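Below you'll find the structure, written out as structure tokens, and then a few comments.
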Amino acid sequence: MAESKRADVIGLPLDRIDGRLKVTGRATYAFEYATQGSVAYGVIVSAAIGKGRILRIDTRDAQHAPRVLLVLTKDNAPPQTPWGPVDLPDRFARAEPALDTDEVLYFGFPVAFVVAETFEQATAAAAMVRIQYDPMPGDYDLHAAGPSAENPGRIDGNGPADSAVGDFESAFASAPVQIDAHYTTPHQHQAPMEPHATMAAWEGEMLTVHTSAQLTTSPQEGLARTFNTPKENVRIITRYVGGGFGSKLPYYVDATLAAIGARTLGRPVKVAMTRPQVFYTTTHRTASEQHVRLGADRDGRLTAYGQEALVHCARFDLFTEPVCDAARRLYAAPNRLTRHRRAKLDLPRSDSMRAPGEAIGLLGLECAMDELAEALDLDPVELRLRNDTSSDPEQDRPFASRHLAEALREGAARFGWNKRVAKPASVRDRRWLVGLGVASAIRGDILQSATARARLENDGKITIELAMTDIGTGSYTILTQIAADTMELPVDRVTVRLGDTRFPPTAGSGGSFGAATSGSAVLAACRKLKAGLASGMTESLGSVTPADLDEAYSHAGFGAHFAEVCVDRDTGEVRVRRMLGVFAAGRILNAKTARSQMIGGMTWGIGSALLEENHVDSRFGSFINQDLANYHVAVNADVGAMEVVFLDEADPHGGPLGSKGVGELGICGAGAAIMNAIHNATGARIRDFPATPDKLLATLETLDP
Amino acid sequence: MEREFALRSPISRRRFFGTAGVTTLALASPPAFADATAQTSSLPTVNVRLTVNARQLALDLDPRTTLLDALREHLGLTGTKKGCDQGQCGACTVIVNGQRINSCLTLAVMHAGDEITTIEGLVEDGDLHPMQAAFVRHDGLQCGYCTPGQICSAVALLAEHKAGWPSHVTADVATRPALTDAEIAERMSGNICRCSAYPNIVAAIRDVNEGGRA
Ligand code: FES
Ligand code: FES
């Protein structure tokens, strides 16, 4: 690799730069900067009711427990800025105070904080904090709250809550072929492997926070707001992050409380959430109810196209999962309708989880397309091709690049789609019923603001610095490749440093904008440095803004998912035998790490189709599944043969790099392809995700033995 | 306007709360701290001798300390990860006397005299263990948090297979099963990878099993 030449480097399947550190256990995560003796341990106490008021907290036993250093409750927590503001444009930079109220806003709400010399002592003492509550009835059920749901005005991503083109209702009523179906998706959890954790230390006015975060500048601003101090006094360090998937976009009370504890005790304090706390004290993906109505002519051209969604957000928050965003851009149809309604529940905050909107919106929409194909007696791939469009159907501008049709055709050829038997429950393999399914993928593409620094060192090496994160996506690696490529240097002459607010600001990792945004900033910084080398320049800054993505075009990545499943004829167990994803995601920056991202997304598709769900215990407002034994994410044995294909896609209007996000496109539509394969295998139409065996049994009983 | 959060140095508790204008605080009285100091000496600890990565060590531990926390918080061997602390994720997998276990589910005091190998101990003379190298080559990791546990698990898995152990997917438990992808996936299913590097993890293990380059 050392002698790689220019123009070879971007896109190469380079091994992960941080791979060696990670396989040897030497990559340092937030909780790992100090050991017992040099740091005190904090443990968060969580509320045991869903809604109500704290009457009394008795901390005497906890305070007298061995080597306890601090017990904080609402009675003695220092003043902080109240939570919010709720309408702050960057919601991840809100103030996040802790223990500043006697109200309990949701089950698991932080109500006390214990710091001791050791983890064992803090954990034991935390169990000794006695709390008396005045519980109040709460609203925990999305369906029950449906009638009181409101029009949120705007959805996440700032699109309108409602959209309409033409006259949907009359077009639907007069359509020769109609699908009118209701789908539900459950609460889901990001469940990153590294629990949210922070270590905080003060030096004079300076607060240094090692935390597990997808963003850097937002928690910096947020903690500064919480403590009413200039943001220059807060430094966020997050070099390695054990997964985020949206749940580490906000920062949480682990950061606030570690900082308060460290300030109070005059020594570093570290706090990690327990696994149950990760489930109920951070964010989750809202459950949804979706109403999809499709009307088509006999040739399969959509004439009426509607998707409506009901979601929840925490009573004190404003987040609205943009469930119908994908529908707005996926297919052409003259009469269109989308609508989002939001119910407020007394649950923890709903917020982003891998591909907010598309990930669950496409479950409903792409299963409805499968139902339409069946009603038309038309091949599901062909139905999608007939409704393809080169311009954004609701925005009156062309797509900068859109290769959905190519992805569908390529995938169909590679997957052996022509062997699919359209009639359900036709293919058997011993006790297994076998079926194939397809779905389209789309994920909107954006650029955010970022600045990067490039510096020529005395030994001729280049150092790149920016306050970007690598949450497993491969930022370290692709930024190294971009710098090496631009500077015409071998990759081992480039050092990329991330995860520190001392470096130039970026928007961090989220919404799949990370690679294009930070990569464009590095590209700009390196170009400037290279041009200035002759005149003695040794350091440069390069920036990118959202305006660098041409607004005359609509920007999105596309793809097609194919799945083969087999269903146990007797038990209803579903196994995913193989999946193929074909993607058109612009310029691929590293073929190896991009493939890994796609496999990750597709595996999350398996989770959403077959495994992942949470429910709320309506008596207590608590999530019933609070650990990894009960909240099922896909494990190794759940995953069949996975194949990923990237189409060559040059996007001249796709920003400075011409790349598109890959972190989320892989999940979009993947679960629908599996659900459609289940239908093809069995004839069952499950509209209530996920397809657990109990939902299949009734259909299986009707089949010939 | 919200009250000022007193950010003054030198750091002092009294000043912190004093400046904040909050005076009637439980914490303003120091008994908890005095007690803590008083009890420091009387806390029971247990002396445990462990062999970790071929080094013999003696530790004075709170008997409640898990093997995982002994490694991470006492020995600074933070390569072993805590993903759940309740035996459900495999991030804490280490090799004890040749067998893989969840180190969060066992107390350190139960391992007196045991030979413990962690991810740090797989490196020899600065060279990656073949399994570590294969994980890098096949991109069997993304965020890296499950990775040390996956690798320890994979190393022990090969030994289990060599010893003829069957698994849930072994068709005939009386015969030594071939190490198929299905066998590997089944035997690795105690190690969750939320990034879902699963196919690459299987490929890495297959590669090492087949004697792939180190
Ligand atoms: S930390 Fe031990 S199994 Fe999860
Ligand atoms: S690499 Fe992130 S959980 Fe496995």
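Every chain in the structure tokens has a letter given in the order shown (A, B, ...), and although residue numbers restart at 1 in each chain, ligands are simply numbered from 1 in the order shown.
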Could you list the residues in chain A lying within 6 Å of chain B, using only C-alpha atoms, and format the result as a PyMOL selection string?
chain A and resi 19+22-25+35-36+63-64+66-69+76+81+193-194+204-205+227-228+242-243+264+266+275+471-472+600+628-629+635-637
Expected file: the selected residues, C-alpha atoms, as a PDB file, in the first residue's frame:
```
ATOM      1  CA  GLY A  19      -8.153  -1.878  12.694  1.00  0.00           C
ATOM      2  CA  LYS A  22      -9.122  -2.228  17.708  1.00  0.00           C
ATOM      3  CA  VAL A  23      -8.123  -5.878  17.298  1.00  0.00           C
ATOM      4  CA  THR A  24      -5.437  -5.499  19.941  1.00  0.00           C
ATOM      5  CA  GLY A  25      -7.722  -3.762  22.428  1.00  0.00           C
ATOM      6  CA  THR A  35      -8.545   3.211  36.397  1.00  0.00           C
ATOM      7  CA  GLN A  36      -9.564   2.764  40.013  1.00  0.00           C
ATOM      8  CA  GLN A  63     -24.345   8.514  52.153  1.00  0.00           C
ATOM      9  CA  HIS A  64     -23.086   6.327  54.962  1.00  0.00           C
ATOM     10  CA  PRO A  66     -18.514   2.646  52.577  1.00  0.00           C
ATOM     11  CA  ARG A  67     -16.418   5.142  50.685  1.00  0.00           C
ATOM     12  CA  VAL A  68     -19.278   7.006  49.157  1.00  0.00           C
ATOM     13  CA  LEU A  69     -18.118  10.449  48.128  1.00  0.00           C
ATOM     14  CA  ASN A  76     -28.763  19.237  46.554  1.00  0.00           C
ATOM     15  CA  THR A  81     -30.000  25.804  32.871  1.00  0.00           C
ATOM     16  CA  MET A 193     -22.508  -2.239  21.988  1.00  0.00           C
ATOM     17  CA  GLU A 194     -20.760   0.424  24.019  1.00  0.00           C
ATOM     18  CA  GLY A 204      -9.742  25.493  36.775  1.00  0.00           C
ATOM     19  CA  GLU A 205     -12.482  26.724  34.492  1.00  0.00           C
ATOM     20  CA  PHE A 227     -23.530  25.064  33.036  1.00  0.00           C
ATOM     21  CA  ASN A 228     -23.855  28.598  31.725  1.00  0.00           C
ATOM     22  CA  GLY A 242     -18.553   1.826  20.255  1.00  0.00           C
ATOM     23  CA  GLY A 243     -21.437   2.364  17.875  1.00  0.00           C
ATOM     24  CA  THR A 264     -17.958  18.959  43.323  1.00  0.00           C
ATOM     25  CA  GLY A 266     -12.375  18.187  42.654  1.00  0.00           C
ATOM     26  CA  ARG A 275     -27.482  -1.756  29.770  1.00  0.00           C
ATOM     27  CA  ILE A 471     -18.351   5.529  15.102  1.00  0.00           C
ATOM     28  CA  GLY A 472     -17.310   2.435  13.207  1.00  0.00           C
ATOM     29  CA  GLY A 600     -24.642  -3.788   8.665  1.00  0.00           C
ATOM     30  CA  LEU A 628     -30.064  -7.799  25.098  1.00  0.00           C
ATOM     31  CA  ALA A 629     -31.534 -11.148  26.063  1.00  0.00           C
ATOM     32  CA  VAL A 635     -26.741 -12.469  15.943  1.00  0.00           C
ATOM     33  CA  ASN A 636     -24.317 -14.297  13.707  1.00  0.00           C
ATOM     34  CA  ALA A 637     -26.565 -17.330  13.177  1.00  0.00           C
TER      35      ALA A 637
END
```
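Atom pair atom CA of Ser426 of chain A / atom CA of Ala296 of chain A has a distance of 26.8 Å (rounded to one decimal).
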If we count only C-alpha atoms, what is near Gly98 of chain B at a cut-off of 10 Å, once residues fewer than 3 positions away on the same chain are taken out, given as a PyMOL selection string? chain B and resi 94-95+101+114-117+155-156+159-160
Given the selection you just returned, output its residues as a file containing all heavy atoms, formatted as a PDB file, in the first residue's frame.
```
ATOM      1  N   VAL B  94     -13.175 -13.562  27.604  1.00  0.00           N
ATOM      2  CA  VAL B  94     -11.744 -13.815  27.762  1.00  0.00           C
ATOM      3  C   VAL B  94     -11.558 -15.336  27.784  1.00  0.00           C
ATOM      4  O   VAL B  94     -12.530 -16.094  27.848  1.00  0.00           O
ATOM      5  CB  VAL B  94     -11.166 -13.198  29.060  1.00  0.00           C
ATOM      6  CG1 VAL B  94     -11.284 -11.689  29.043  1.00  0.00           C
ATOM      7  CG2 VAL B  94     -11.857 -13.784  30.289  1.00  0.00           C
ATOM      8  N   ILE B  95     -10.319 -15.744  27.717  1.00  0.00           N
ATOM      9  CA  ILE B  95     -10.029 -17.181  27.706  1.00  0.00           C
ATOM     10  C   ILE B  95      -9.429 -17.557  29.059  1.00  0.00           C
ATOM     11  O   ILE B  95      -8.408 -17.007  29.461  1.00  0.00           O
ATOM     12  CB  ILE B  95      -9.060 -17.521  26.560  1.00  0.00           C
ATOM     13  CG1 ILE B  95      -9.661 -17.055  25.230  1.00  0.00           C
ATOM     14  CG2 ILE B  95      -8.768 -19.025  26.532  1.00  0.00           C
ATOM     15  CD1 ILE B  95      -8.714 -17.135  24.052  1.00  0.00           C
ATOM     16  N   ILE B 101     -15.021 -17.540  28.352  1.00  0.00           N
ATOM     17  CA  ILE B 101     -16.106 -17.265  29.299  1.00  0.00           C
ATOM     18  C   ILE B 101     -16.460 -15.777  29.242  1.00  0.00           C
ATOM     19  O   ILE B 101     -15.692 -14.955  28.760  1.00  0.00           O
ATOM     20  CB  ILE B 101     -15.742 -17.628  30.759  1.00  0.00           C
ATOM     21  CG1 ILE B 101     -14.586 -16.749  31.257  1.00  0.00           C
ATOM     22  CG2 ILE B 101     -15.383 -19.101  30.895  1.00  0.00           C
ATOM     23  CD1 ILE B 101     -14.410 -16.804  32.767  1.00  0.00           C
ATOM     24  N   ASP B 114      -5.942 -19.285  38.188  1.00  0.00           N
ATOM     25  CA  ASP B 114      -6.321 -19.548  36.797  1.00  0.00           C
ATOM     26  C   ASP B 114      -5.424 -18.791  35.810  1.00  0.00           C
ATOM     27  O   ASP B 114      -4.888 -17.735  36.119  1.00  0.00           O
ATOM     28  CB  ASP B 114      -7.783 -19.127  36.556  1.00  0.00           C
ATOM     29  CG  ASP B 114      -8.760 -20.140  37.120  1.00  0.00           C
ATOM     30  OD1 ASP B 114      -8.305 -21.220  37.570  1.00  0.00           O
ATOM     31  OD2 ASP B 114      -9.968 -19.859  37.118  1.00  0.00           O
ATOM     32  N   GLU B 115      -5.334 -19.366  34.636  1.00  0.00           N
ATOM     33  CA  GLU B 115      -4.595 -18.717  33.546  1.00  0.00           C
ATOM     34  C   GLU B 115      -5.580 -17.955  32.677  1.00  0.00           C
ATOM     35  O   GLU B 115      -6.450 -18.561  32.052  1.00  0.00           O
ATOM     36  CB  GLU B 115      -3.911 -19.763  32.669  1.00  0.00           C
ATOM     37  CG  GLU B 115      -2.968 -20.687  33.394  1.00  0.00           C
ATOM     38  CD  GLU B 115      -1.519 -20.419  33.009  1.00  0.00           C
ATOM     39  OE1 GLU B 115      -1.306 -19.574  32.119  1.00  0.00           O
ATOM     40  OE2 GLU B 115      -0.641 -21.043  33.618  1.00  0.00           O
ATOM     41  N   ILE B 116      -5.426 -16.666  32.633  1.00  0.00           N
ATOM     42  CA  ILE B 116      -6.382 -15.832  31.898  1.00  0.00           C
ATOM     43  C   ILE B 116      -5.678 -15.183  30.709  1.00  0.00           C
ATOM     44  O   ILE B 116      -4.602 -14.595  30.872  1.00  0.00           O
ATOM     45  CB  ILE B 116      -6.952 -14.752  32.843  1.00  0.00           C
ATOM     46  CG1 ILE B 116      -7.762 -15.440  33.956  1.00  0.00           C
ATOM     47  CG2 ILE B 116      -7.836 -13.777  32.067  1.00  0.00           C
ATOM     48  CD1 ILE B 116      -7.764 -14.681  35.245  1.00  0.00           C
ATOM     49  N   THR B 117      -6.296 -15.319  29.564  1.00  0.00           N
ATOM     50  CA  THR B 117      -5.750 -14.646  28.380  1.00  0.00           C
ATOM     51  C   THR B 117      -6.765 -13.629  27.887  1.00  0.00           C
ATOM     52  O   THR B 117      -7.935 -13.958  27.671  1.00  0.00           O
ATOM     53  CB  THR B 117      -5.455 -15.655  27.244  1.00  0.00           C
ATOM     54  OG1 THR B 117      -4.573 -16.650  27.753  1.00  0.00           O
ATOM     55  CG2 THR B 117      -4.809 -14.966  26.059  1.00  0.00           C
ATOM     56  N   VAL B 155     -10.816 -17.552  18.826  1.00  0.00           N
ATOM     57  CA  VAL B 155      -9.612 -18.344  19.115  1.00  0.00           C
ATOM     58  C   VAL B 155     -10.003 -19.591  19.907  1.00  0.00           C
ATOM     59  O   VAL B 155      -9.567 -20.708  19.594  1.00  0.00           O
ATOM     60  CB  VAL B 155      -8.579 -17.483  19.880  1.00  0.00           C
ATOM     61  CG1 VAL B 155      -7.456 -18.355  20.449  1.00  0.00           C
ATOM     62  CG2 VAL B 155      -8.014 -16.402  18.965  1.00  0.00           C
ATOM     63  N   ALA B 156     -10.841 -19.417  20.902  1.00  0.00           N
ATOM     64  CA  ALA B 156     -11.258 -20.560  21.718  1.00  0.00           C
ATOM     65  C   ALA B 156     -12.152 -21.503  20.918  1.00  0.00           C
ATOM     66  O   ALA B 156     -12.119 -22.722  21.113  1.00  0.00           O
ATOM     67  CB  ALA B 156     -11.980 -20.069  22.968  1.00  0.00           C
ATOM     68  N   ALA B 159     -10.213 -24.061  19.087  1.00  0.00           N
ATOM     69  CA  ALA B 159      -9.744 -25.121  19.986  1.00  0.00           C
ATOM     70  C   ALA B 159     -10.886 -26.083  20.322  1.00  0.00           C
ATOM     71  O   ALA B 159     -10.698 -27.305  20.342  1.00  0.00           O
ATOM     72  CB  ALA B 159      -9.167 -24.499  21.262  1.00  0.00           C
ATOM     73  N   GLU B 160     -12.058 -25.548  20.548  1.00  0.00           N
ATOM     74  CA  GLU B 160     -13.221 -26.394  20.845  1.00  0.00           C
ATOM     75  C   GLU B 160     -13.525 -27.305  19.660  1.00  0.00           C
ATOM     76  O   GLU B 160     -13.828 -28.488  19.824  1.00  0.00           O
ATOM     77  CB  GLU B 160     -14.459 -25.526  21.143  1.00  0.00           C
ATOM     78  CG  GLU B 160     -14.390 -24.809  22.471  1.00  0.00           C
ATOM     79  CD  GLU B 160     -15.412 -23.669  22.551  1.00  0.00           C
ATOM     80  OE1 GLU B 160     -16.338 -23.636  21.707  1.00  0.00           O
ATOM     81  OE2 GLU B 160     -15.268 -22.820  23.451  1.00  0.00           O
TER      82      GLU B 160
END
```
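Atom CA of Ile464 of chain A is found 12.5 Å from atom CA of Arg527 of chain A.
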(Q) Taking the DSSP secondary structure from the backbone, can you list the residues of segment 427-587 of chain A that are strand (DSSP E or B), as a ChimeraX atom specification? (A) /A:427-429,432-444,450-456,462-465,467,494-497,500,505-506,539-544,554,556-568,574-584,586
Segment 231-480 of chain A: residues DSSP assigns to helix (DSSP H, G or I), reported as a PyMOL selection string
chain A and resi 231-233+253-265+275-280+325-330+358-376+380-386+404-415+417-419+475-480
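The shortest atom-to-atom distance to Asp60 of chain B, with only C-alpha atoms taken into account, belongs to B:Ala108 out of B:Asp127, B:Ser103, B:Ala108, B:Lys162.
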Would you please work out which residue, of A:Val86, A:Pro192, A:Gln307, A:Asn458, is nearest to ligand 1 when using only C-alpha atoms and all ligand atoms?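 Nearest to ligand 1: A:Pro192.
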